[in-house]
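Participant: This is model12.cif (mmCIF, C-alpha atoms).
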data_query
#
loop_
_atom_site.label_atom_id
_atom_site.label_comp_id
_atom_site.auth_asym_id
_atom_site.auth_seq_id
_atom_site.Cartn_x
_atom_site.Cartn_y
_atom_site.Cartn_z
CA MET Q 1 0.00 0.00 0.00
CA GLY Q 2 2.80 2.37 1.06
CA CYS Q 3 4.76 1.46 -2.02
CA CYS Q 4 1.76 2.17 -4.27
CA ARG Q 5 1.29 5.56 -2.62
CA LYS Q 6 4.94 6.40 -3.17
CA VAL Q 7 4.69 5.33 -6.80
CA SER Q 8 1.51 7.36 -7.35
CA HIS Q 9 3.14 10.41 -5.68
CA LEU Q 10 6.15 9.97 -7.93
CA VAL Q 11 3.97 9.77 -11.03
CA VAL Q 12 2.22 13.01 -10.03
CA ILE Q 13 5.57 14.72 -9.39
CA LEU Q 14 6.98 13.52 -12.72
CA ALA Q 15 3.86 14.75 -14.51
CA LEU Q 16 4.22 18.16 -12.85
CA ALA Q 17 7.90 18.31 -13.78
CA THR Q 18 7.04 17.49 -17.39
CA LEU Q 19 4.48 20.30 -17.39
CA VAL Q 20 7.00 22.72 -15.89
CA GLY Q 21 9.62 21.61 -18.41
CA GLY Q 22 7.20 21.95 -21.31
CA TYR Q 23 6.09 25.45 -20.30
CA PRO Q 24 9.02 27.28 -21.95
CA TRP Q 25 8.34 25.70 -25.35
CA LEU Q 26 4.66 26.52 -25.00
CA CYS Q 27 5.62 30.15 -24.39
CA LEU Q 28 8.08 30.11 -27.31
CA GLY Q 29 5.41 28.72 -29.63
CA PHE Q 30 2.91 31.29 -28.41
CA THR Q 31 5.40 34.12 -28.93
CA LYS Q 32 6.04 32.91 -32.49
CA VAL Q 33 2.32 32.62 -33.23
CA THR Q 34 1.54 36.07 -31.88
CA GLN Q 35 4.51 37.65 -33.67
CA GLY Q 36 3.80 35.94 -36.98
CA HIS Q 37 5.58 37.26 -40.04
CA THR Q 38 6.19 40.97 -39.99
CA THR Q 39 4.88 42.52 -43.17
CA GLN Q 40 6.52 45.72 -44.23
CA ALA Q 41 4.90 48.07 -46.68
CA GLU Q 42 5.15 46.70 -50.27
CA PHE Q 43 7.05 43.64 -49.10
CA TYR Q 44 6.04 40.10 -48.29
CA SER Q 45 8.02 37.54 -46.37
CA LEU Q 46 9.00 34.32 -48.08
CA THR Q 47 10.15 31.46 -45.87
CA VAL Q 48 12.13 28.79 -47.69
CA GLN Q 49 12.29 25.43 -45.89
CA VAL Q 50 14.68 22.74 -47.09
CA ASN Q 51 13.87 19.37 -45.52
CA PHE Q 52 14.77 16.19 -47.39
CA LEU Q 53 11.71 13.93 -47.58
CA GLY Q 54 9.95 16.53 -45.49
CA PHE Q 55 11.63 15.65 -42.20
CA VAL Q 56 15.45 15.77 -42.51
CA PRO Q 57 16.75 19.36 -42.51
CA VAL Q 58 19.32 20.24 -45.19
CA ARG Q 59 21.44 23.09 -43.90
CA ASP Q 60 24.14 23.21 -46.54
CA ALA Q 61 22.05 24.27 -49.51
CA LYS Q 62 22.39 27.27 -51.80
CA ILE Q 63 19.21 29.26 -52.43
CA VAL Q 64 18.79 31.49 -55.43
CA VAL Q 65 15.69 33.62 -56.04
CA SER Q 66 15.32 35.16 -59.48
CA GLU Q 67 12.59 37.07 -61.27
CA SER Q 68 10.45 34.92 -63.57
CA SER Q 69 10.22 37.49 -66.33
CA SER Q 70 13.80 38.73 -66.61
CA GLY Q 71 15.69 35.85 -65.00
CA LYS Q 72 17.62 38.38 -62.93
CA THR Q 73 18.86 37.09 -59.59
CA VAL Q 74 17.30 39.14 -56.82
CA TRP Q 75 18.52 37.23 -53.79
CA GLU Q 76 21.13 34.59 -53.10
CA TYR Q 77 21.98 32.70 -49.92
CA GLU Q 78 25.07 30.51 -49.59
CA LYS Q 79 25.57 30.32 -45.82
CA GLU Q 80 24.32 27.40 -43.73
CA LEU Q 81 20.55 27.57 -43.17
CA GLU Q 82 19.35 28.10 -39.63
CA VAL Q 83 17.41 25.49 -37.67
CA PRO Q 84 15.02 27.58 -35.53
CA TYR Q 85 14.83 26.61 -31.89
CA GLU Q 86 11.63 24.68 -31.24
CA PHE Q 87 10.71 21.66 -29.21
CA TYR Q 88 9.06 19.41 -31.75
CA ARG Q 89 10.28 20.52 -35.19
CA LEU Q 90 13.60 20.25 -36.95
CA SER Q 91 13.56 22.43 -40.04
CA ALA Q 92 16.29 24.23 -41.99
CA GLU Q 93 14.89 27.52 -43.19
CA VAL Q 94 15.52 31.11 -44.08
CA THR Q 95 13.11 34.03 -44.35
CA LEU Q 96 13.51 36.90 -46.77
CA GLN Q 97 11.51 39.97 -47.67
CA LEU Q 98 10.56 40.51 -51.32
CA PRO Q 99 8.25 42.85 -53.23
CA PRO Q 100 5.18 41.20 -54.77
CA GLY Q 101 5.76 39.46 -58.11
CA SER Q 102 6.60 36.19 -59.81
CA TYR Q 103 9.81 34.46 -58.83
CA VAL Q 104 11.74 31.28 -59.47
CA VAL Q 105 13.26 29.76 -56.33
CA THR Q 106 16.15 27.33 -56.87
CA VAL Q 107 17.66 25.26 -54.06
CA GLN Q 108 20.95 23.51 -54.80
CA SER Q 109 22.98 20.99 -52.89
CA LEU Q 110 23.88 17.52 -54.21
CA ASN Q 111 20.92 17.92 -56.57
CA SER Q 112 18.64 20.88 -57.15
CA GLU Q 113 14.94 21.68 -57.09
CA VAL Q 114 13.16 24.60 -58.70
CA LYS Q 115 9.79 26.13 -57.81
CA ASP Q 116 7.86 28.96 -59.40
CA ILE Q 117 5.95 31.21 -57.04
CA VAL Q 118 3.66 34.18 -57.27
CA LEU Q 119 4.32 36.26 -54.19
CA ASP Q 120 1.13 38.15 -53.34
CA GLU Q 121 1.05 37.32 -49.63
CA ASN Q 122 3.40 35.95 -46.94
CA GLN Q 123 4.39 32.48 -48.05
CA THR Q 124 6.27 29.40 -46.90
CA ILE Q 125 7.60 26.98 -49.50
CA SER Q 126 9.18 23.63 -48.79
CA PHE Q 127 11.80 21.77 -50.78
CA ALA Q 128 11.69 18.05 -49.99
CA GLN Q 129 13.78 16.60 -52.81
CA VAL Q 130 17.11 18.29 -52.17
CA ALA Q 131 19.68 16.13 -50.41
CA SER Q 132 23.17 16.81 -49.11
CA LEU Q 133 26.06 14.52 -48.13
CA LYS Q 134 25.40 15.11 -44.42
CA VAL Q 135 21.75 14.16 -44.80
CA LEU Q 136 22.58 11.01 -46.76
CA LEU Q 137 25.16 10.06 -44.12
CA LEU Q 138 22.62 10.59 -41.35
CA LEU Q 139 19.89 8.61 -43.12
CA GLY Q 140 22.35 5.83 -43.95
CA VAL Q 141 23.49 5.48 -40.35
CA ALA Q 142 19.89 5.62 -39.08
CA THR Q 143 18.83 2.91 -41.55
CA LEU Q 144 21.75 0.70 -40.52
CA ALA Q 145 20.81 1.23 -36.85
CA VAL Q 146 17.24 0.09 -37.50
CA LEU Q 147 18.45 -2.91 -39.54
CA SER Q 148 20.92 -3.92 -36.83
CA PHE Q 149 18.16 -3.74 -34.22
CA ILE Q 150 15.94 -5.98 -36.36
CA GLY Q 151 18.91 -8.32 -36.80
CA PHE Q 152 19.47 -8.36 -33.05
CA VAL Q 153 15.83 -9.22 -32.30
CA VAL Q 154 15.68 -11.90 -35.00
CA THR Q 155 18.97 -13.60 -34.08
CA GLY Q 156 18.26 -13.27 -30.35
CA SER Q 157 14.85 -14.89 -30.75
CA ARG Q 158 16.41 -17.64 -32.89
CA TYR Q 159 18.89 -18.41 -30.12
CA LEU Q 160 16.03 -18.59 -27.63
CA LYS Q 161 14.18 -21.10 -29.81
CA VAL Q 162 17.31 -23.25 -30.34
CA LEU Q 163 18.05 -23.33 -26.63
CA MET M 1 25.43 0.61 -5.51
CA VAL M 2 22.93 -1.81 -7.02
CA LEU M 3 19.26 -0.85 -6.86
CA LEU M 4 18.07 -3.83 -8.87
CA GLU M 5 19.93 -7.09 -8.44
CA TYR M 6 20.59 -9.67 -11.13
CA GLU M 7 17.79 -12.11 -11.86
CA ALA M 8 18.51 -15.12 -14.04
CA LYS M 9 15.91 -15.02 -16.81
CA ASP M 10 15.68 -16.42 -20.30
CA THR M 11 15.45 -13.21 -22.33
CA ILE M 12 17.44 -12.01 -25.32
CA ILE M 13 19.00 -9.28 -23.20
CA HIS M 14 20.05 -11.73 -20.46
CA ARG M 15 21.63 -13.95 -23.11
CA LEU M 16 23.84 -11.14 -24.41
CA SER M 17 27.43 -11.08 -23.23
CA ALA M 18 28.41 -8.58 -20.55
CA LEU M 19 30.64 -6.82 -23.09
CA SER M 20 27.69 -5.99 -25.38
CA LYS M 21 25.68 -4.60 -22.49
CA LEU M 22 28.64 -2.59 -21.18
CA ILE M 23 29.13 -1.06 -24.64
CA TRP M 24 25.41 -0.18 -24.74
CA PHE M 25 25.72 1.33 -21.26
CA GLY M 26 28.80 3.31 -22.37
CA THR M 27 27.08 4.74 -25.45
CA ILE M 28 24.08 5.86 -23.38
CA ILE M 29 26.33 7.54 -20.80
CA PHE M 30 28.23 9.24 -23.65
CA LEU M 31 24.92 10.65 -24.96
CA PHE M 32 24.06 11.91 -21.48
CA THR M 33 27.31 13.86 -21.33
CA LEU M 34 26.65 15.34 -24.77
CA MET M 35 23.01 16.41 -24.46
CA THR M 36 21.84 19.43 -22.49
CA GLU M 37 18.27 19.42 -23.76
CA PRO M 38 15.42 16.99 -23.10
CA GLN M 39 14.32 16.13 -26.69
CA PRO M 40 17.07 13.63 -27.58
CA LEU M 41 16.86 12.26 -24.06
CA LEU M 42 13.27 11.25 -24.80
CA ILE M 43 14.61 9.12 -27.67
CA VAL M 44 17.22 7.62 -25.33
CA ALA M 45 14.43 6.99 -22.79
CA ALA M 46 12.49 5.07 -25.45
CA LEU M 47 15.59 2.98 -26.23
CA ILE M 48 16.11 2.16 -22.56
CA ALA M 49 12.42 1.28 -22.23
CA ILE M 50 12.65 -1.11 -25.21
CA VAL M 51 15.77 -2.83 -23.87
CA GLY M 52 14.22 -2.94 -20.38
CA TYR M 53 11.06 -4.47 -21.83
CA LEU M 54 13.10 -7.07 -23.71
CA ALA M 55 14.94 -7.83 -20.46
CA ASP M 56 11.56 -8.29 -18.74
CA ILE M 57 12.51 -5.80 -16.05
CA SER M 58 10.05 -5.04 -13.27
CA TRP M 59 9.42 -1.28 -13.64
CA ARG M 60 7.25 -1.26 -10.52
CA LYS M 61 10.14 -2.67 -8.51
CA LEU M 62 12.52 -0.15 -10.06
CA LEU M 63 10.22 2.76 -9.18
CA ALA M 64 9.71 1.47 -5.65
CA ARG M 65 13.48 1.24 -5.07
CA ALA M 66 14.71 4.28 -6.98
CA TRP M 67 11.94 6.85 -6.44
CA TRP M 68 14.08 8.78 -3.97
CA ALA M 69 16.88 9.05 -6.54
CA TYR M 70 14.46 10.35 -9.19
CA LEU M 71 13.08 12.86 -6.70
CA GLY M 72 16.61 13.89 -5.62
CA SER M 73 17.64 14.44 -9.24
CA MET M 74 14.60 16.65 -9.76
CA VAL M 75 15.33 18.76 -6.68
CA GLY M 76 19.06 18.93 -7.53
CA GLY M 77 18.36 19.87 -11.16
CA LEU M 78 15.90 22.61 -10.25
CA THR M 79 18.32 24.01 -7.65
CA VAL M 80 21.35 24.16 -9.97
CA SER M 81 19.19 25.61 -12.78
CA LEU M 82 18.75 28.79 -10.72
CA TRP M 83 22.23 29.83 -11.88
CA ILE M 84 21.39 29.52 -15.61
CA THR M 85 20.94 33.25 -16.13
CA SER M 86 23.66 34.31 -18.52
CA PRO M 87 23.47 34.22 -22.37
CA SER M 88 27.03 32.82 -22.43
CA GLN M 89 25.65 29.59 -20.93
CA LEU M 90 23.41 29.05 -23.97
CA GLN M 91 24.45 27.65 -27.34
CA ARG M 92 21.35 27.26 -29.49
CA ILE M 93 18.36 28.62 -27.62
CA PRO M 94 17.74 32.33 -28.42
CA ALA M 95 19.29 34.35 -25.60
CA GLU M 96 16.37 36.79 -25.36
CA PHE M 97 14.03 33.85 -24.77
CA GLY M 98 16.33 31.65 -22.70
CA THR M 99 17.43 34.30 -20.22
CA ARG M 100 13.95 35.78 -19.76
CA ILE M 101 13.50 35.93 -16.01
CA LEU M 102 10.34 34.48 -14.49
CA ILE M 103 11.30 34.89 -10.83
CA GLU M 104 14.42 36.69 -9.64
CA LEU M 105 15.82 35.34 -6.38
CA THR M 106 19.04 37.34 -6.02
CA PRO M 107 20.15 40.28 -8.22
CA ALA M 108 23.32 40.18 -10.32
CA GLY M 109 26.45 40.84 -8.30
CA THR M 110 25.18 39.28 -5.07
CA PRO M 111 28.22 38.13 -3.05
CA VAL M 112 28.79 34.34 -2.90
CA LEU M 113 25.46 33.40 -4.51
CA GLY M 114 25.69 35.52 -7.64
CA HIS M 115 22.68 36.07 -9.90
CA MET M 116 19.96 33.52 -9.13
CA ALA M 117 16.71 33.38 -11.06
CA VAL M 118 14.16 31.07 -12.59
CA THR M 119 14.58 31.41 -16.37
CA TYR M 120 13.17 29.49 -19.34
CA ALA M 121 16.60 28.08 -20.17
CA GLY M 122 17.02 27.10 -16.52
CA LEU M 123 13.74 25.17 -16.56
CA ILE M 124 14.69 23.37 -19.78
CA TRP M 125 18.15 22.58 -18.41
CA ALA M 126 16.64 21.30 -15.14
CA THR M 127 14.27 19.03 -17.07
CA ALA M 128 17.22 17.67 -19.06
CA LEU M 129 19.31 17.09 -15.93
CA THR M 130 16.43 15.38 -14.14
CA LEU M 131 15.87 13.15 -17.16
CA LYS M 132 19.58 12.39 -17.44
CA VAL M 133 19.94 11.31 -13.82
CA ALA M 134 16.69 9.33 -13.86
CA LEU M 135 17.67 7.59 -17.10
CA ALA M 136 21.21 6.92 -15.88
CA ILE M 137 19.73 5.17 -12.85
CA SER M 138 17.34 3.21 -15.08
CA VAL M 139 20.05 2.15 -17.54
CA ALA M 140 22.31 1.06 -14.67
CA CYS M 141 19.41 -0.96 -13.25
CA VAL M 142 18.75 -2.65 -16.62
CA LEU M 143 22.47 -3.54 -16.74
CA THR M 144 22.69 -4.94 -13.21
CA TYR M 145 19.32 -6.70 -13.57
CA SER M 146 20.38 -8.57 -16.71
CA THR M 147 24.10 -9.12 -16.10
CA PRO M 148 25.74 -11.07 -13.25
CA LEU M 149 28.22 -8.88 -11.37
CA SER M 150 30.86 -11.61 -11.67
CA GLU M 151 30.81 -11.16 -15.48
CA ILE M 152 31.14 -7.39 -15.16
CA VAL M 153 34.04 -7.82 -12.68
CA SER M 154 35.70 -10.30 -15.02
CA LEU M 155 35.48 -7.82 -17.90
CA ILE M 156 36.56 -4.79 -15.90
CA SER M 157 39.54 -6.65 -14.45
CA LYS M 158 40.92 -6.97 -18.00
CA VAL M 159 41.22 -3.19 -18.12
CA ILE M 160 42.06 -2.22 -14.54
CA PRO M 161 43.99 -4.13 -11.79
CA TYR M 162 41.84 -6.97 -10.46
CA LYS M 163 42.20 -5.79 -6.86
CA LEU M 164 40.74 -2.42 -7.80
CA SER M 165 37.93 -4.03 -9.79
CA PHE M 166 37.11 -6.20 -6.78
CA VAL M 167 36.98 -3.15 -4.50
CA ILE M 168 34.66 -1.33 -6.92
CA MET M 169 32.31 -4.27 -7.32
CA ALA M 170 32.29 -5.06 -3.59
CA GLY M 171 31.23 -1.45 -3.00
CA VAL M 172 28.51 -1.74 -5.65
CA ARG M 173 27.24 -5.00 -4.18
CA PHE M 174 27.41 -3.75 -0.58
CA TYR M 175 24.37 -1.46 -0.77
CA PRO M 176 21.52 -4.02 -1.24
CA VAL M 177 23.02 -6.34 1.38
CA LEU M 178 23.28 -3.50 3.87
CA MET M 179 19.74 -2.34 3.07
CA GLU M 180 18.43 -5.81 3.87
CA LYS M 181 20.26 -5.66 7.22
CA VAL M 182 18.86 -2.18 7.91
CA ALA M 183 15.32 -3.44 7.21
CA THR M 184 15.85 -6.30 9.69
CA ILE M 185 17.24 -3.89 12.32
CA MET M 186 14.28 -1.54 11.83
CA ASP M 187 11.79 -4.41 12.16
CA ALA M 188 13.51 -5.49 15.39
CA ALA M 189 13.46 -1.92 16.71
CA LYS M 190 9.78 -1.50 15.81
CA SER M 191 8.92 -4.70 17.68
CA ARG M 192 10.44 -3.03 20.75
CA GLY M 193 8.22 0.03 20.30
CA TRP M 194 10.65 2.19 18.30
CA GLY M 195 9.16 4.81 15.96
CA ALA M 196 10.34 7.87 14.06
CA SER M 197 7.01 9.54 13.43
CA SER M 198 7.56 12.84 15.27
CA ALA M 199 6.94 15.99 13.21
CA ASN M 200 9.85 17.75 14.95
CA PRO M 201 12.94 17.27 12.71
CA ILE M 202 15.37 17.33 15.67
CA GLU M 203 13.33 14.64 17.41
CA ARG M 204 13.32 12.60 14.21
CA ILE M 205 17.12 12.81 13.92
CA ARG M 206 17.46 11.79 17.59
CA SER M 207 15.13 8.85 17.13
CA VAL M 208 17.37 7.43 14.36
CA GLY M 209 20.04 6.62 16.99
CA PRO M 210 18.69 3.18 18.04
CA VAL M 211 18.79 2.11 14.37
CA LEU M 212 21.98 3.91 13.32
CA PHE M 213 24.39 2.30 15.79
CA PRO M 214 23.35 -1.32 15.11
CA THR M 215 23.59 -0.51 11.39
CA ILE M 216 27.17 0.72 11.75
CA ARG M 217 27.97 -2.39 13.79
CA GLU M 218 26.41 -4.60 11.10
CA ALA M 219 28.38 -2.82 8.36
CA MET M 220 31.62 -3.38 10.27
CA GLY M 221 30.70 -7.02 10.84
CA LEU M 222 29.92 -7.51 7.17
CA SER M 223 33.25 -6.05 6.06
CA ASP M 224 35.05 -8.25 8.64
CA LYS M 225 33.33 -11.36 7.32
CA MET M 226 34.10 -10.41 3.74
CA SER M 227 37.79 -9.83 4.49
CA LEU M 228 37.94 -13.26 6.19
CA ALA M 229 36.21 -14.87 3.22
CA ILE M 230 38.56 -13.35 0.65
CA GLU M 231 41.60 -14.24 2.76
CA ALA M 232 40.37 -17.82 2.99
CA ARG M 233 40.28 -17.88 -0.82
CA ALA M 234 43.88 -16.61 -0.98
CA PHE M 235 42.88 -13.32 -2.59
CA GLY M 236 45.92 -11.31 -3.70
CA VAL M 237 48.32 -14.24 -3.93
CA ALA M 238 47.94 -14.61 -7.67
CA LYS M 239 45.70 -13.27 -10.42
CA PRO M 240 42.31 -15.02 -10.22
CA THR M 241 41.39 -17.66 -12.80
CA VAL M 242 39.01 -16.43 -15.46
CA LEU M 243 35.86 -18.51 -15.09
CA LYS M 244 34.08 -17.44 -18.24
CA VAL M 245 35.61 -16.52 -21.57
CA THR M 246 33.71 -13.77 -23.39
CA LYS M 247 32.32 -15.01 -26.69
CA LEU M 248 30.26 -12.87 -29.02
CA ASN M 249 27.50 -14.44 -31.10
CA ALA M 250 25.53 -12.85 -33.96
CA SER M 251 23.02 -11.35 -31.56
CA ASP M 252 25.84 -9.66 -29.61
CA VAL M 253 27.37 -8.22 -32.76
CA PHE M 254 24.01 -6.82 -33.92
CA PHE M 255 23.37 -5.31 -30.49
CA ILE M 256 26.81 -3.67 -30.34
CA VAL M 257 26.39 -2.28 -33.86
CA PHE M 258 22.91 -1.03 -32.97
CA SER M 259 24.17 0.70 -29.79
CA ILE M 260 27.06 2.42 -31.56
CA LEU M 261 24.98 3.48 -34.58
CA THR M 262 22.18 4.87 -32.44
CA ALA M 263 24.68 6.96 -30.51
CA LEU M 264 26.24 8.02 -33.81
CA VAL M 265 22.87 9.15 -35.26
CA LEU M 266 22.12 11.31 -32.22
CA THR M 267 25.68 12.66 -32.19
CA LEU M 268 25.43 13.59 -35.89
CA MET M 269 22.10 15.31 -35.25
CA TRP M 270 23.72 17.21 -32.38
CA TRP M 271 26.63 18.18 -34.61
CA PHE M 272 24.70 19.06 -37.78
CA TYR M 273 21.55 20.63 -36.31
CA GLY M 274 22.38 21.41 -32.69
CA PHE M 275 19.76 18.83 -31.65
CA GLY M 276 20.26 18.50 -27.89
CA MET M 277 22.19 21.76 -27.41
CA LEU M 278 20.77 24.27 -24.99
#
Could you render the structure from this file as structure tokens?
Facilitator:
Amino acid sequence: MGCCRKVSHLVVILALATLVGGYPWLCLGFTKVTQGHTTQAEFYSLTVQVNFLGFVPVRDAKIVVSESSSGKTVWEYEKELEVPYEFYRLSAEVTLQLPPGSYVVTVQSLNSEVKDIVLDENQTISFAQVASLKVLLLLGVATLAVLSFIGFVVTGSRYLKVL
Amino acid sequence: MVLLEYEAKDTIIHRLSALSKLIWFGTIIFLFTLMTEPQPLLIVAALIAIVGYLADISWRKLLARAWWAYLGSMVGGLTVSLWITSPSQLQRIPAEFGTRILIELTPAGTPVLGHMAVTYAGLIWATALTLKVALAISVACVLTYSTPLSEIVSLISKVIPYKLSFVIMAGVRFYPVLMEKVATIMDAAKSRGWGASSANPIERIRSVGPVLFPTIREAMGLSDKMSLAIEARAFGVAKPTVLKVTKLNASDVFFIVFSILTALVLTLMWWFYGFGML
């Protein structure tokens, strides 16, 4: 009985600690939501996200934004993309301010992906087909880890059956 | 000290060699030293839970024996986090968010104590520290629950002098034996009408006396008996015979590879994206 009480007290305390620990991220999320994208006069913000397969951030990618009509490069980014600090999301992205119009956004790393956009409001575009060496290395190691775990369970179970 | 003693069971974790489990333990401890944020620790927690489940560990027993350590880690983490107030202590979290003060306890420049405050970064750091300590206890329990201490001693003695490895393992093994003795002493004292239920803390400390002195006597007696036993076995005359030669089977190799690769994935994420950096 005493043990159960201790365990239930511990569970309550752990739950409270989780809530306390989660509070900062809640506040950070709220701050981001309330701030939103700042819109300056005549300019809209364009957020470019580069996540391979939609969930692996690609930081070492080159982003080029050019005008659709003239092909003139209006913005270029060659530094490593930032991964904003959030609790639940890993995303490599950069935000820029552009006047309304039609643009071609090109993201280059090992391969490249091109998207045409018409910027008439604040927009977020995602590039999910661009990969980099780091990303491939990470995915390769993760895949091998999963395969080795499956191998461990299968061979371990086989040994159990034999013995 | 051992919170959960070895139980001989027929599980795939019990069948692994001690070397595989020590490597797994090492990789987890390495991740704990690397991470200062809770997110990757949740992944590590899931891994420990899976291995614990495969080892058929009794979580209820673990909670009942280690709850005080979990609670202590929480209190310790929250206390130390009061000094996380400077932007220089943060790597990834935005400084304006991380150092935002919720409650200020002492202003900057306070002698001895310095600047103490409850900040967002402090709360996150405290959560991470609490998780780290709690998980370190859990992973150690999974190891000691599924691996005989003699196998661990045998492995450790290959790296460090066998006398030192014996001292370390005797210390580790001493705690549960002593706790059993303490429980017996307390039962005996209770049967004579002893109780430590006073609300006054000084009275409570005083009332521990009738249990404390027999406990010290028991501890001395135990160490005496152990020294006699090891002398009788001619300990120290020559290097002990190795009883079990470590052999790795396919399951061991897969488990070692899995442990190292999992640690590598999280380390790469830490390196490339700052995943786990405060």
Participant: If the cut-off is 9 Å, can you tell me the residues of chain M near chain Q, counting all atoms listed in the file? I'd like them as a PyMOL selection string.
Facilitator: chain M and resi 10-13+15-16+38-39+60+63-64+67-68+70-71+74+92-94+97-98+119-121+123-128+250-262+264-265+268-269+272-275
Participant: Taking 6 positions as the minimum chain separation for residues in the same chain, which residues sit within 10 Å of Ser69 of chain Q when counting only C-alpha atoms? Answer as an MDAnalysis selection string.
Facilitator: chainID Q and resid 101:104
Participant: Could you name the residues that touch Leu155 of chain M at 8 Å or less, counting all atoms listed in the file, but leaving out those on the same chain fewer than 3 positions away, as a CSV table (one decimal) with C-alpha atoms, in the coordinates of the input?
Facilitator:
chain,number,residue,atom,x,y,z
M,18,ALA,CA,28.4,-8.6,-20.6
M,19,LEU,CA,30.6,-6.8,-23.1
M,151,GLU,CA,30.8,-11.2,-15.5
M,152,ILE,CA,31.1,-7.4,-15.2
M,158,LYS,CA,40.9,-7.0,-18.0
M,159,VAL,CA,41.2,-3.2,-18.1
Participant: Can you translate the PyMOL selection byres ((chain M and resi 79) around 12) into the concrete residues it hits in this file, as a PDB file with C-alpha atoms, in the frame of the given file?
Facilitator:
ATOM      1  CA  GLY M  72      16.610  13.890  -5.620  1.00  0.00           C
ATOM      2  CA  SER M  73      17.640  14.440  -9.240  1.00  0.00           C
ATOM      3  CA  MET M  74      14.600  16.650  -9.760  1.00  0.00           C
ATOM      4  CA  VAL M  75      15.330  18.760  -6.680  1.00  0.00           C
ATOM      5  CA  GLY M  76      19.060  18.930  -7.530  1.00  0.00           C
ATOM      6  CA  GLY M  77      18.360  19.870 -11.160  1.00  0.00           C
ATOM      7  CA  LEU M  78      15.900  22.610 -10.250  1.00  0.00           C
ATOM      8  CA  VAL M  80      21.350  24.160  -9.970  1.00  0.00           C
ATOM      9  CA  SER M  81      19.190  25.610 -12.780  1.00  0.00           C
ATOM     10  CA  LEU M  82      18.750  28.790 -10.720  1.00  0.00           C
ATOM     11  CA  TRP M  83      22.230  29.830 -11.880  1.00  0.00           C
ATOM     12  CA  ILE M  84      21.390  29.520 -15.610  1.00  0.00           C
ATOM     13  CA  LEU M 105      15.820  35.340  -6.380  1.00  0.00           C
ATOM     14  CA  MET M 116      19.960  33.520  -9.130  1.00  0.00           C
ATOM     15  CA  ALA M 117      16.710  33.380 -11.060  1.00  0.00           C
ATOM     16  CA  VAL M 118      14.160  31.070 -12.590  1.00  0.00           C
ATOM     17  CA  GLY M 122      17.020  27.100 -16.520  1.00  0.00           C
ATOM     18  CA  LEU M 123      13.740  25.170 -16.560  1.00  0.00           C
ATOM     19  CA  TRP M 125      18.150  22.580 -18.410  1.00  0.00           C
ATOM     20  CA  ALA M 126      16.640  21.300 -15.140  1.00  0.00           C
ATOM     21  CA  THR M 127      14.270  19.030 -17.070  1.00  0.00           C
ATOM     22  CA  LEU M 129      19.310  17.090 -15.930  1.00  0.00           C
ATOM     23  CA  THR M 130      16.430  15.380 -14.140  1.00  0.00           C
TER      24      THR M 130
END
Participant: Find the residues around Leu119 of chain Q up to 12 Å (all atoms listed in the file counted), leave out those fewer than 6 positions away in its own chain, and share them as a list in words.
Facilitator: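 Skipping anything fewer than 6 positions along the chain leaves Glu42, Phe43, Tyr44, Ser45, Leu46, Thr47, Val65, Glu67, Ser68, Leu96, Gln97, Leu98, Pro99, Pro100, Gly101, Ser102, Tyr103, Val104, Val105 and Ile125 of chain Q.
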Participant: As an exercise, work out the distance from atom CA of Leu133 of chain Q to atom CA of Leu110 of chain Q in Å and give it to one decimal place.
Facilitator: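 About the pair atom CA of Leu133 of chain Q and atom CA of Leu110 of chain Q: they are 7.1 Å apart.
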Participant: Write out as a list in words each polymer residue whose atoms come within 12 Å of Ser207 of chain M, counting only C-alpha atoms; drop sequence neighbours fewer than 2 positions from it.
Facilitator: Met186, Ala189, Lys190, Gly193, Trp194, Gly195, Ala196, Ser197, Ser198, Ala199, Asn200, Pro201, Ile202, Glu203, Arg204, Ile205, Gly209, Pro210, Val211, Leu212 and Phe213 of chain M
Participant: Given the file above and the PyMOL selection byres ((chain Q and resi 75) around 7), which residues are selected, and can you give them as a list in words?
Facilitator: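 This file gives the following for the PyMOL selection byres ((chain Q and resi 75) around 7): Val64, Val65, Ser66, Thr73, Val74, Glu76 and Tyr77 of chain Q.
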Participant: Please write the residues picked by the PyMOL selection byres ((chain M and resi 58) around 12) on this file as an MDAnalysis selection string.
Facilitator: chainID M and resid 3:7 49 52:57 59:65 138 141:142 145:146
Participant: May I have the selected residues written with C-alpha atoms, as a short mmCIF file (atom, residue, chain, number, x, y, z; two decimals), in the coordinates of the input?
Facilitator:
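Here's the written file again34.cif:
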data_model
loop_
_atom_site.label_atom_id
_atom_site.label_comp_id
_atom_site.auth_asym_id
_atom_site.auth_seq_id
_atom_site.Cartn_x
_atom_site.Cartn_y
_atom_site.Cartn_z
CA LEU M 3 19.26 -0.85 -6.86
CA LEU M 4 18.07 -3.83 -8.87
CA GLU M 5 19.93 -7.09 -8.44
CA TYR M 6 20.59 -9.67 -11.13
CA GLU M 7 17.79 -12.11 -11.86
CA ALA M 49 12.42 1.28 -22.23
CA GLY M 52 14.22 -2.94 -20.38
CA TYR M 53 11.06 -4.47 -21.83
CA LEU M 54 13.10 -7.07 -23.71
CA ALA M 55 14.94 -7.83 -20.46
CA ASP M 56 11.56 -8.29 -18.74
CA ILE M 57 12.51 -5.80 -16.05
CA TRP M 59 9.42 -1.28 -13.64
CA ARG M 60 7.25 -1.26 -10.52
CA LYS M 61 10.14 -2.67 -8.51
CA LEU M 62 12.52 -0.15 -10.06
CA LEU M 63 10.22 2.76 -9.18
CA ALA M 64 9.71 1.47 -5.65
CA ARG M 65 13.48 1.24 -5.07
CA SER M 138 17.34 3.21 -15.08
CA CYS M 141 19.41 -0.96 -13.25
CA VAL M 142 18.75 -2.65 -16.62
CA TYR M 145 19.32 -6.70 -13.57
CA SER M 146 20.38 -8.57 -16.71
#
